[in-house]
>>> print(open('entry-v1.cif').read())   # mmCIF, C-alpha atoms
data_start
#
loop_
_atom_site.label_atom_id
_atom_site.label_comp_id
_atom_site.auth_asym_id
_atom_site.auth_seq_id
_atom_site.Cartn_x
_atom_site.Cartn_y
_atom_site.Cartn_z
CA MET A 7 34.39 23.33 16.16
CA SER A 8 31.15 21.48 15.40
CA THR A 9 30.02 21.33 11.78
CA ARG A 10 26.58 19.93 12.57
CA ALA A 11 23.47 21.81 11.56
CA TRP A 12 19.70 21.85 11.55
CA TYR A 13 17.80 22.40 8.30
CA ASP A 14 14.30 23.78 7.82
CA TYR A 15 12.54 23.72 4.44
CA TYR A 16 9.74 26.26 4.07
CA ILE A 17 7.24 26.22 1.21
CA ILE A 18 5.74 29.60 0.34
CA ALA A 19 2.41 29.74 -1.50
CA PRO A 20 1.89 33.39 -2.51
CA HIS A 21 -1.62 32.72 -3.85
CA THR A 22 -2.79 31.57 -0.40
CA GLY A 23 -0.45 33.81 1.57
CA THR A 24 1.00 30.92 3.58
CA LEU A 25 4.49 29.97 4.72
CA SER A 26 4.58 26.28 5.67
CA LEU A 27 7.33 24.44 7.50
CA ALA A 28 7.27 21.35 5.28
CA MET A 29 10.43 19.47 6.26
CA ARG A 30 13.23 19.61 8.79
CA PHE A 31 16.23 17.44 9.53
CA TYR A 32 19.63 17.22 11.19
CA LYS A 33 22.93 17.00 9.36
CA TRP A 34 25.67 15.23 11.22
CA GLY A 35 28.94 16.65 9.95
CA ASP A 36 30.13 18.73 6.98
CA ALA A 37 27.29 21.19 7.49
CA THR A 38 29.41 24.29 7.09
CA PRO A 39 27.89 27.50 5.68
CA GLU A 40 29.90 26.97 2.49
CA ASN A 41 28.39 23.52 2.03
CA ALA A 42 24.92 24.89 2.71
CA LEU A 43 25.45 27.37 -0.12
CA ASP A 44 26.60 24.52 -2.37
CA GLU A 45 23.40 22.65 -1.55
CA TYR A 46 21.38 25.74 -2.43
CA LEU A 47 23.20 25.96 -5.77
CA ARG A 48 22.55 22.28 -6.47
CA PHE A 49 18.83 22.81 -5.86
CA ARG A 50 18.85 25.83 -8.14
CA LYS A 51 20.71 23.97 -10.87
CA THR A 52 18.32 21.01 -10.68
CA LEU A 53 15.28 23.27 -10.75
CA ASN A 54 16.61 25.21 -13.72
CA ALA A 55 17.32 21.98 -15.59
CA HIS A 56 13.68 20.92 -15.20
CA ASP A 57 11.98 24.28 -15.65
CA GLY A 58 11.22 24.42 -11.94
CA ARG A 59 8.98 21.37 -12.00
CA LEU A 60 10.36 18.38 -10.16
CA PRO A 61 8.44 15.06 -10.24
CA VAL A 62 7.04 15.61 -6.76
CA ALA A 63 3.99 13.69 -8.00
CA TRP A 64 6.04 10.49 -7.57
CA LEU A 65 6.22 10.99 -3.82
CA ASP A 66 2.77 12.51 -3.52
CA ARG A 67 1.23 9.43 -5.11
CA LEU A 68 3.29 7.12 -2.88
CA LEU A 69 2.19 8.95 0.27
CA ARG A 70 -1.46 8.88 -0.76
CA ASP A 71 -1.31 5.17 -1.55
CA GLN A 72 0.62 4.11 1.53
CA LEU A 73 -0.78 6.41 4.21
CA GLY A 74 -4.42 6.06 3.19
CA GLU A 75 -6.71 7.80 5.68
CA LEU A 76 -3.72 9.36 7.45
CA HIS A 77 -2.67 11.33 4.38
CA PRO A 78 -4.99 14.34 4.96
CA GLU A 79 -3.27 14.91 8.30
CA LEU A 80 0.02 15.82 6.65
CA PRO A 81 1.04 19.48 6.76
CA PRO A 82 0.54 21.63 3.66
CA GLN A 83 3.09 21.02 0.90
CA PHE A 84 4.71 18.16 2.81
CA ALA A 85 5.25 16.14 -0.37
CA THR A 86 7.30 18.97 -1.89
CA GLY A 87 9.43 19.44 1.22
CA ALA A 88 9.98 15.70 1.58
CA PHE A 89 10.89 15.37 -2.10
CA LEU A 90 13.53 18.07 -1.68
CA PHE A 91 14.91 16.12 1.28
CA LEU A 92 15.09 12.99 -0.90
CA LEU A 93 17.05 15.04 -3.44
CA GLN A 94 19.47 16.02 -0.68
CA ARG A 95 19.87 12.37 0.30
CA ALA A 96 20.26 11.37 -3.35
CA ALA A 97 23.21 13.75 -3.73
CA GLU A 98 24.81 12.27 -0.61
CA TRP A 99 24.26 8.72 -1.88
CA ILE A 100 25.90 9.57 -5.21
CA GLU A 101 28.85 11.13 -3.40
CA CYS A 102 29.24 7.98 -1.29
CA ASP A 103 29.08 5.90 -4.47
CA HIS A 104 32.02 7.89 -5.79
CA TRP A 105 34.16 7.06 -2.77
CA ARG A 106 33.23 3.38 -2.64
CA ARG A 107 33.32 2.75 -6.40
CA PHE A 108 36.41 0.56 -6.11
CA ASP A 109 35.04 -1.60 -3.29
CA PRO A 110 34.01 -5.15 -4.21
CA PRO A 111 30.20 -5.10 -4.62
CA GLU A 112 29.63 -7.84 -2.06
CA GLU A 113 31.51 -5.83 0.59
CA ARG A 114 29.42 -2.69 0.18
CA ALA A 115 26.76 -1.99 2.81
CA ASP A 116 24.22 -1.19 0.11
CA PHE A 117 24.75 -4.45 -1.80
CA PRO A 118 21.87 -6.44 -0.19
CA LEU A 119 19.41 -3.57 -0.64
CA CYS A 120 20.43 -2.93 -4.26
CA TRP A 121 20.25 -6.63 -5.07
CA ALA A 122 16.80 -6.99 -3.49
CA LEU A 123 15.51 -3.90 -5.29
CA GLU A 124 16.79 -5.06 -8.67
CA GLU A 125 15.14 -8.43 -8.14
CA ALA A 126 11.85 -6.75 -7.19
CA LEU A 127 11.96 -4.44 -10.22
CA ALA A 128 12.66 -7.39 -12.51
CA THR A 129 9.73 -9.34 -11.07
CA GLU A 130 7.22 -6.50 -11.13
CA PRO A 131 8.17 -3.50 -13.29
CA PHE A 132 7.85 -0.14 -11.56
CA GLU A 133 5.26 2.30 -12.92
CA ILE A 134 7.85 5.12 -12.80
CA PRO A 135 10.34 4.60 -15.65
CA PRO A 136 14.08 5.21 -15.18
CA HIS A 137 15.12 8.86 -15.29
CA PRO A 138 18.20 10.22 -17.10
CA ASP A 139 18.98 12.71 -14.33
CA PRO A 140 21.17 10.85 -11.78
CA LEU A 141 19.66 12.70 -8.83
CA LEU A 142 16.08 12.02 -9.88
CA GLU A 143 16.91 8.42 -10.74
CA ARG A 144 18.21 7.92 -7.22
CA VAL A 145 15.02 9.48 -5.81
CA ARG A 146 13.03 7.11 -8.03
CA ARG A 147 14.87 4.20 -6.44
CA PHE A 148 14.13 5.53 -2.96
CA ILE A 149 10.44 5.54 -3.85
CA ALA A 150 10.70 2.07 -5.38
CA THR A 151 12.25 0.89 -2.11
CA ALA A 152 9.12 2.05 -0.32
CA ARG A 153 6.92 0.43 -2.92
CA TYR A 154 8.56 -3.00 -2.93
CA LEU A 155 10.76 -3.46 0.14
CA ARG A 156 9.97 -1.04 2.97
CA PRO A 157 6.27 -0.12 2.82
CA TRP A 158 4.75 2.15 5.42
CA ARG A 159 2.28 -0.53 6.56
CA VAL A 160 5.22 -2.62 7.81
CA TYR A 161 7.22 0.14 9.49
CA GLY A 162 4.57 2.71 10.46
CA LEU A 163 4.12 1.32 13.98
CA ARG A 164 7.85 1.43 14.70
CA LEU A 165 8.97 4.58 12.89
CA ASN A 166 7.49 8.02 12.61
CA LEU A 167 6.97 9.34 9.10
CA LEU A 168 10.24 11.25 8.96
CA ALA A 169 12.24 8.27 10.22
CA TRP A 170 10.55 6.08 7.59
CA LEU A 171 11.56 8.51 4.83
CA GLN A 172 15.10 8.43 6.18
CA TYR A 173 15.11 4.63 6.17
CA LEU A 174 14.18 4.62 2.48
CA THR A 175 17.42 6.47 1.73
CA GLN A 176 19.97 4.33 3.55
CA PRO A 177 21.17 0.75 3.06
CA THR A 178 20.46 -0.39 6.63
CA ARG A 179 18.90 0.96 9.81
CA SER A 180 22.32 2.28 10.85
CA ALA A 181 22.43 6.01 10.17
CA ASP A 182 25.33 7.53 8.25
CA MET A 183 26.98 10.93 8.57
CA GLY A 184 24.74 12.71 6.11
CA SER A 185 21.34 14.33 6.47
CA LEU A 186 19.18 12.57 9.04
CA ALA A 187 15.41 12.93 9.27
CA GLY A 188 13.35 11.61 12.14
CA ASP A 189 13.39 14.25 14.86
CA TRP A 190 11.28 17.38 14.90
CA ASP A 191 13.25 19.39 17.47
CA PRO A 192 16.75 20.74 16.75
CA HIS A 193 19.62 18.81 18.31
CA TRP A 194 21.60 20.35 21.13
CA ASP A 195 24.99 19.91 19.42
CA ILE A 196 24.38 21.95 16.28
CA ALA A 197 26.55 24.91 15.35
CA TYR A 198 24.30 26.26 12.57
CA ARG A 199 20.72 26.47 11.41
CA TYR A 200 19.86 26.78 7.73
CA ARG A 201 16.49 27.78 6.35
CA LEU A 202 15.66 27.24 2.71
CA PHE A 203 12.59 28.90 1.23
CA PHE A 204 10.81 27.64 -1.89
CA TRP A 205 8.11 29.69 -3.65
CA ILE A 206 5.60 27.55 -5.55
CA HIS A 207 3.58 28.47 -8.62
CA PRO A 208 -0.04 29.51 -7.90
CA ASP A 209 -1.45 27.15 -10.54
CA ASP A 210 0.97 24.26 -10.11
CA PRO A 211 1.91 23.32 -6.52
CA PHE A 212 4.72 21.08 -7.78
CA ARG A 213 6.47 23.88 -9.68
CA ILE A 214 9.02 25.92 -7.72
CA GLU A 215 9.48 29.43 -9.06
CA ARG A 216 12.34 30.63 -6.87
CA ILE A 217 14.36 29.75 -3.80
CA ALA A 218 16.27 31.60 -1.10
CA ILE A 219 18.36 30.70 1.92
CA GLU A 220 19.03 32.05 5.39
CA LEU A 221 22.26 31.15 7.21
CA CYS A 222 21.93 31.24 10.99
CA ASP A 223 23.91 30.39 14.07
CA ARG A 224 22.72 27.72 16.47
CA ASP A 225 20.33 30.17 18.16
CA GLY A 226 18.68 31.15 14.89
CA SER A 227 20.34 34.55 14.50
CA ASN A 228 21.35 35.49 10.97
CA LEU A 229 25.05 34.74 10.46
CA LEU A 230 25.55 37.55 7.99
CA THR A 231 24.06 40.28 10.15
CA ALA A 232 24.66 39.03 13.68
CA ALA A 233 28.44 39.35 13.49
CA ASP A 234 29.84 42.46 15.11
CA PRO A 235 32.08 44.32 12.62
CA GLU A 236 34.18 45.49 15.57
CA ASP A 237 34.71 41.92 16.77
CA ASP A 238 38.35 41.19 17.56
CA ASP A 239 38.07 37.70 16.07
CA GLU A 240 39.86 38.28 12.77
CA TRP A 241 39.22 34.75 11.53
CA GLN A 242 35.48 35.16 12.09
CA ARG A 243 35.43 38.45 10.18
CA GLU A 244 37.34 36.92 7.27
CA GLU A 245 34.98 33.94 7.23
CA MET A 246 31.95 36.21 6.99
CA ASP A 247 33.62 38.24 4.24
CA ARG A 248 34.25 35.05 2.25
CA LEU A 249 30.63 34.01 2.66
CA ARG A 250 29.35 37.38 1.48
CA GLU A 251 31.66 37.27 -1.52
CA ALA A 252 30.50 33.75 -2.43
CA ILE A 253 26.89 34.89 -2.19
CA ARG A 254 27.55 37.85 -4.48
CA GLU A 255 29.53 35.84 -7.03
CA SER A 256 26.89 33.10 -7.30
CA ASP A 257 23.93 35.48 -7.10
CA ILE A 258 22.45 33.56 -4.18
CA ALA A 259 19.10 34.84 -2.95
CA ILE A 260 19.06 35.60 0.77
CA ALA A 261 15.86 35.79 2.82
CA ALA A 262 14.97 36.00 6.49
CA LEU A 263 12.25 34.07 8.29
CA GLU A 264 11.54 37.03 10.53
CA THR A 265 10.74 39.20 7.52
CA LEU A 266 8.71 36.56 5.68
CA GLN A 267 6.56 35.93 8.74
CA ARG A 268 5.27 39.47 8.43
CA ASP A 269 4.06 38.82 4.90
CA TYR A 270 2.75 35.25 5.14
CA ALA A 271 0.61 33.31 7.60
CA MET A 272 2.19 30.19 9.10
CA PRO A 273 -0.02 27.11 9.65
CA ALA A 274 0.60 25.33 12.94
CA ASP A 275 3.08 22.45 12.90
CA ARG A 276 0.99 19.34 13.33
CA PHE A 277 2.82 16.21 12.35
CA TRP A 278 6.07 15.94 14.25
CA GLN A 279 4.81 12.75 15.98
CA PHE A 280 3.08 11.46 12.86
CA ARG A 281 2.97 7.67 12.90
CA GLU A 282 0.59 4.82 12.22
CA ARG A 283 -2.13 4.23 14.79
CA PRO A 284 -1.99 0.67 16.13
CA ASP A 285 -5.07 -1.50 15.75
CA PRO A 286 -5.52 -3.66 18.90
CA GLN A 287 -6.70 -6.74 17.01
CA GLU A 288 -3.92 -6.47 14.44
CA THR A 289 -1.37 -6.00 17.22
CA ARG A 290 -2.51 -9.21 18.91
CA GLN A 291 -2.42 -11.08 15.61
CA ARG A 292 1.07 -9.81 14.92
CA ALA A 293 2.23 -11.03 18.34
CA ARG A 294 0.79 -14.49 17.70
CA ARG A 295 2.42 -14.64 14.28
CA LYS A 296 5.77 -13.75 15.79
CA GLU A 297 5.45 -16.67 18.20
CA LEU A 298 4.73 -19.00 15.28
CA GLN A 299 7.60 -17.75 13.11
CA ALA A 300 9.98 -20.60 14.00
CA SER A 301 7.33 -23.24 13.26
CA CYS A 302 6.48 -21.49 10.01
CA ASN A 303 10.14 -21.53 8.94
CA ILE A 304 10.43 -25.26 9.65
CA LEU A 305 7.33 -25.95 7.59
CA LEU A 306 8.68 -23.84 4.73
CA ILE A 307 11.81 -25.98 4.67
CA GLN A 308 9.59 -29.01 4.11
CA VAL A 309 7.68 -27.18 1.38
CA GLU A 310 10.95 -26.39 -0.39
CA LYS A 311 12.14 -30.00 -0.16
CA ARG A 312 8.84 -31.28 -1.53
CA PHE A 313 7.94 -28.70 -4.17
CA GLY A 314 11.03 -26.55 -4.75
CA ALA A 315 12.31 -23.09 -3.83
CA VAL A 316 9.88 -21.19 -6.10
CA ILE A 317 6.81 -22.72 -4.47
CA ALA A 318 8.31 -22.13 -1.03
CA ALA A 319 8.84 -18.47 -1.90
CA ASP A 320 5.22 -18.22 -3.12
CA SER A 321 4.02 -19.89 0.08
CA ARG A 322 5.89 -17.73 2.58
CA PRO A 323 3.79 -14.52 2.43
CA LEU A 324 0.59 -16.54 2.84
CA MET A 325 1.89 -18.73 5.65
CA GLU A 326 3.11 -15.68 7.55
CA ARG A 327 -0.50 -14.48 7.78
CA ILE A 328 -1.54 -17.53 9.80
CA ASP A 329 -1.77 -16.88 13.54
CA GLU A 330 -3.06 -20.26 14.80
CA PHE A 331 -0.77 -23.18 15.59
CA ASP A 332 -3.46 -25.75 14.77
CA ARG A 333 -3.68 -24.45 11.22
CA LEU A 334 0.06 -24.88 10.80
CA LEU A 335 -0.29 -28.48 11.97
CA THR A 336 -3.00 -29.03 9.37
CA LEU A 337 -0.72 -27.56 6.72
CA ALA A 338 2.04 -29.95 7.75
CA ASP A 339 -0.26 -32.80 6.73
CA ALA A 340 -1.05 -30.98 3.48
CA VAL A 341 2.64 -30.76 2.60
CA ILE A 342 2.91 -34.53 2.90
CA ASN A 343 -0.39 -35.48 1.28
CA SER A 344 -0.66 -32.99 -1.59
CA PRO A 345 0.06 -34.78 -4.89
CA ASP A 346 1.60 -31.69 -6.50
CA SER A 347 2.38 -28.02 -5.94
CA ASP A 348 -0.99 -26.82 -7.27
CA ALA A 349 -2.81 -28.95 -4.72
CA TRP A 350 -0.53 -27.65 -1.97
CA LEU A 351 -1.13 -24.01 -2.92
CA ALA A 352 -4.86 -24.64 -3.05
CA ALA A 353 -4.80 -26.12 0.46
CA LEU A 354 -2.67 -23.25 1.72
CA GLY A 355 -4.94 -20.62 0.19
CA GLU A 356 -8.02 -22.23 1.71
CA SER A 357 -6.38 -22.39 5.14
CA VAL A 358 -5.43 -18.72 5.01
CA ARG A 359 -8.92 -17.68 3.92
CA ARG A 360 -10.47 -19.55 6.84
CA SER A 361 -8.11 -17.88 9.30
CA LEU A 362 -9.15 -14.35 8.26
CA PRO A 363 -12.34 -12.47 9.14
CA GLU A 364 -15.09 -12.71 6.55
CA THR A 365 -14.76 -8.99 5.83
CA ASP A 366 -11.08 -9.30 4.98
CA ASP A 367 -10.86 -9.43 1.19
CA ARG A 368 -7.15 -8.71 0.97
CA THR A 369 -6.02 -12.31 0.51
CA PRO A 370 -4.77 -12.67 -3.06
CA ASP A 371 -5.61 -15.68 -5.11
CA ARG A 372 -2.14 -17.18 -5.13
CA ASN A 373 -3.46 -20.47 -6.48
CA LYS A 374 -3.68 -19.14 -10.00
CA ARG A 375 -0.60 -20.00 -11.99
CA ASP A 376 0.32 -18.10 -15.12
#
>>> encode(input="entry-v1.cif", output="structure tokens")
Amino acid sequence: MSTRAWYDYYIIAPHTGTLSLAMRFYKWGDATPENALDEYLRFRKTLNAHDGRLPVAWLDRLLRDQLGELHPELPPQFATGAFLFLLQRAAEWIECDHWRRFDPPEERADFPLCWALEEALATEPFEIPPHPDPLLERVRRFIATARYLRPWRVYGLRLNLLAWLQYLTQPTRSADMGSLAGDWDPHWDIAYRYRLFFWIHPDDPFRIERIAIELCDRDGSNLLTAADPEDDDEWQREEMDRLREAIRESDIAIAALETLQRDYAMPADRFWQFRERPDPQETRQRARRKELQASCNILLIQVEKRFGAVIAADSRPLMERIDEFDRLLTLADAVINSPDSDAWLAALGESVRRSLPETDDRTPDRNKRD
């Protein structure tokens, strides 16, 4: 029997009378009703430990900074729903860490990502300090990955927003067996659907006052009420009895979407295809830069031989902005003729500035040396 499921996170704002579908994702394996209840209990425990207020502001600030003008198009309370998804992924990451704790570090799939992130954090300290809660610390590292290694501006044309969030939580582009964001429509192979409801505080949108869950079959019918008590399937009846007992023992709050829809208005879903809008000029420039990548790499080898690996590393991000072959040829002469690294960086900076439109003020002054 399939143990795959579809999850919906709803954010309820009683002060505005709205019920927003803020996040949804697919879980590939181990998505039994018992595990869904465990996930509910983990959320409740985490919320209780932090007085209901999770640092959703971390993700909200990241989304505002990285999405820019696209941010207002997000659905209501998306940051809260997405943060809860990152918590779910954090728990799965920690569980994987437990199983692979004896593996040699260099053989672990997450080794390159962890190494690159540690190097980035050492070079430029993150504004969010380390957190003592392991789950929140892992979420902090997901957000740091977006900040330093996998920014939206690089991936927004290839991935939709949900797929980008997913990519922040995994070592490589290869998906694992955990929770998978990226699609907006439920998969055909699911056996269950789980709906989690989060009520937010009227004066603090990042404070969650209570939560509830609804366990459904693949068609969205409530598992606990849809079963026929006269059903001849004894195993099914026993399974439902065990679920009801677990719910009673753990004092799990049960809710139903059908009932809540009578009490709250639901804004229209409007971001399932959310992605960056391509700029024609930037797309053409990117294509030209891709064609020049091999030549750029050859020139960087010469820079490293002449001035060292540090200068080559400083030069790469600037050289990768050049989209004209003639300018690379000019820089080849500069590598040979520059008396020292400062002169080379000055020539490189000037070449990059000339290759950009006059209105483009994004080129950093990389010639300044501390």
>>> resolve_selection(input="entry-v1.cif", expression="the PyMOL selection byres ((chain A and resi 178) around 12)", output="short mmCIF file (atom, residue, chain, number, x, y, z; two decimals) with C-alpha atoms, keeping the file's coordinate frame")
data_model
loop_
_atom_site.label_atom_id
_atom_site.label_comp_id
_atom_site.auth_asym_id
_atom_site.auth_seq_id
_atom_site.Cartn_x
_atom_site.Cartn_y
_atom_site.Cartn_z
CA ARG A 114 29.42 -2.69 0.18
CA ALA A 115 26.76 -1.99 2.81
CA ASP A 116 24.22 -1.19 0.11
CA PHE A 117 24.75 -4.45 -1.80
CA PRO A 118 21.87 -6.44 -0.19
CA LEU A 119 19.41 -3.57 -0.64
CA CYS A 120 20.43 -2.93 -4.26
CA ARG A 156 9.97 -1.04 2.97
CA TRP A 170 10.55 6.08 7.59
CA GLN A 172 15.10 8.43 6.18
CA TYR A 173 15.11 4.63 6.17
CA LEU A 174 14.18 4.62 2.48
CA THR A 175 17.42 6.47 1.73
CA GLN A 176 19.97 4.33 3.55
CA PRO A 177 21.17 0.75 3.06
CA ARG A 179 18.90 0.96 9.81
CA SER A 180 22.32 2.28 10.85
CA ALA A 181 22.43 6.01 10.17
CA ASP A 182 25.33 7.53 8.25
#
>>> resolve_selection(input="entry-v1.cif", expression="the PyMOL selection byres ((chain A and resi 128-134) around 10)", output="list of chain:residue names")
A:Trp64, A:Ala122, A:Leu123, A:Glu124, A:Glu125, A:Ala126, A:Leu127, A:Pro135, A:Pro136, A:His137, A:Glu143, A:Arg146, A:Arg147, A:Ile149, A:Ala150, A:Arg153, A:Tyr154
>>> resolve_selection(input="entry-v1.cif", expression="the PyMOL selection byres ((chain A and resi 231) around 12)", output="list in words")
Glu220, Leu221, Cys222, Asp223, Gly226, Ser227, Asn228, Leu229, Leu230, Ala232, Ala233, Asp234, Pro235, Arg243, Met246, Asp247, Leu249, Arg250, Ile260, Ala261 and Ala262 of chain A
>>> closest_atom_pairs(input="entry-v1.cif", of="stretch 91-173 of chain A", to="stretch 39-50 of chain A", cutoff="10 Å", atoms="all atoms listed in the file", output="Markdown table")
| residue | atom | partner | partner_atom | distance |
| --- | --- | --- | --- | --- |
| A:Leu93 | CA | A:Phe49 | CA | 8.3 |
| A:Gln94 | CA | A:Glu45 | CA | 7.8 |
| A:Ala97 | CA | A:Arg48 | CA | 9.0 |
>>> closest_residue(input="entry-v1.cif", among="A:Asp239, A:Asp71, A:Gly184, A:Trp121", to="A:Cys102", atoms="all atoms listed in the file")
A:Gly184
>>> atom_distance(input="entry-v1.cif", atom1="atom CA of A:Trp350", atom2="atom CA of A:Glu326")
15.7 Å
>>> closest_residue(input="entry-v1.cif", among="A:Asp339, A:Val316, A:Leu25, A:Leu186", to="A:Thr265", atoms="only C-alpha atoms")
A:Leu25
>>> atom_distance(input="entry-v1.cif", atom1="atom CA of A:Pro157", atom2="atom CA of A:Ala187")
17.2 Å
>>> closest_residue(input="entry-v1.cif", among="A:Ala259, A:Ile219, A:Ala353, A:Leu73", to="A:Tyr13", atoms="all atoms listed in the file")
A:Ile219
>>> closest_atom_pairs(input="entry-v1.cif", of="stretch 120-234 of chain A", to="stretch 30-36 of chain A", cutoff="10 Å", atoms="all atoms listed in the file", output="tab-separated table")
residue	atom	partner	partner_atom	distance
A:Leu168	CA	A:Phe31	CA	8.6
A:Gln172	CA	A:Phe31	CA	9.7
A:Ala181	CA	A:Trp34	CA	9.8
A:Asp182	CA	A:Trp34	CA	8.3
A:Met183	CA	A:Trp34	CA	5.2
A:Gly184	CA	A:Lys33	CA	5.7
A:Ser185	CA	A:Lys33	CA	4.2
A:Leu186	CA	A:Tyr32	CA	5.1
A:Ala187	CA	A:Phe31	CA	4.6
A:Gly188	CA	A:Phe31	CA	7.0
A:Asp189	CA	A:Phe31	CA	6.8
A:Trp190	CA	A:Arg30	CA	6.8
A:Asp191	CA	A:Arg30	CA	8.7
A:Pro192	CA	A:Tyr32	CA	7.2
A:His193	CA	A:Tyr32	CA	7.3
A:Asp195	CA	A:Trp34	CA	9.5
A:Ile196	CA	A:Tyr32	CA	8.4
A:Tyr198	CA	A:Lys33	CA	9.9
A:Arg199	CA	A:Tyr32	CA	9.3
A:Tyr200	CA	A:Arg30	CA	9.8
A:Arg201	CA	A:Arg30	CA	9.1
>>> axis_aligned_box(input="entry-v1.cif", around="stretch 94-102 of chain A", padding_each_side="5 Å", output="AutoDock Vina command-line options")
--center_x 24.4 --center_y 12.0 --center_z -2.5 --size_x 19.8 --size_y 18.0 --size_z 15.5
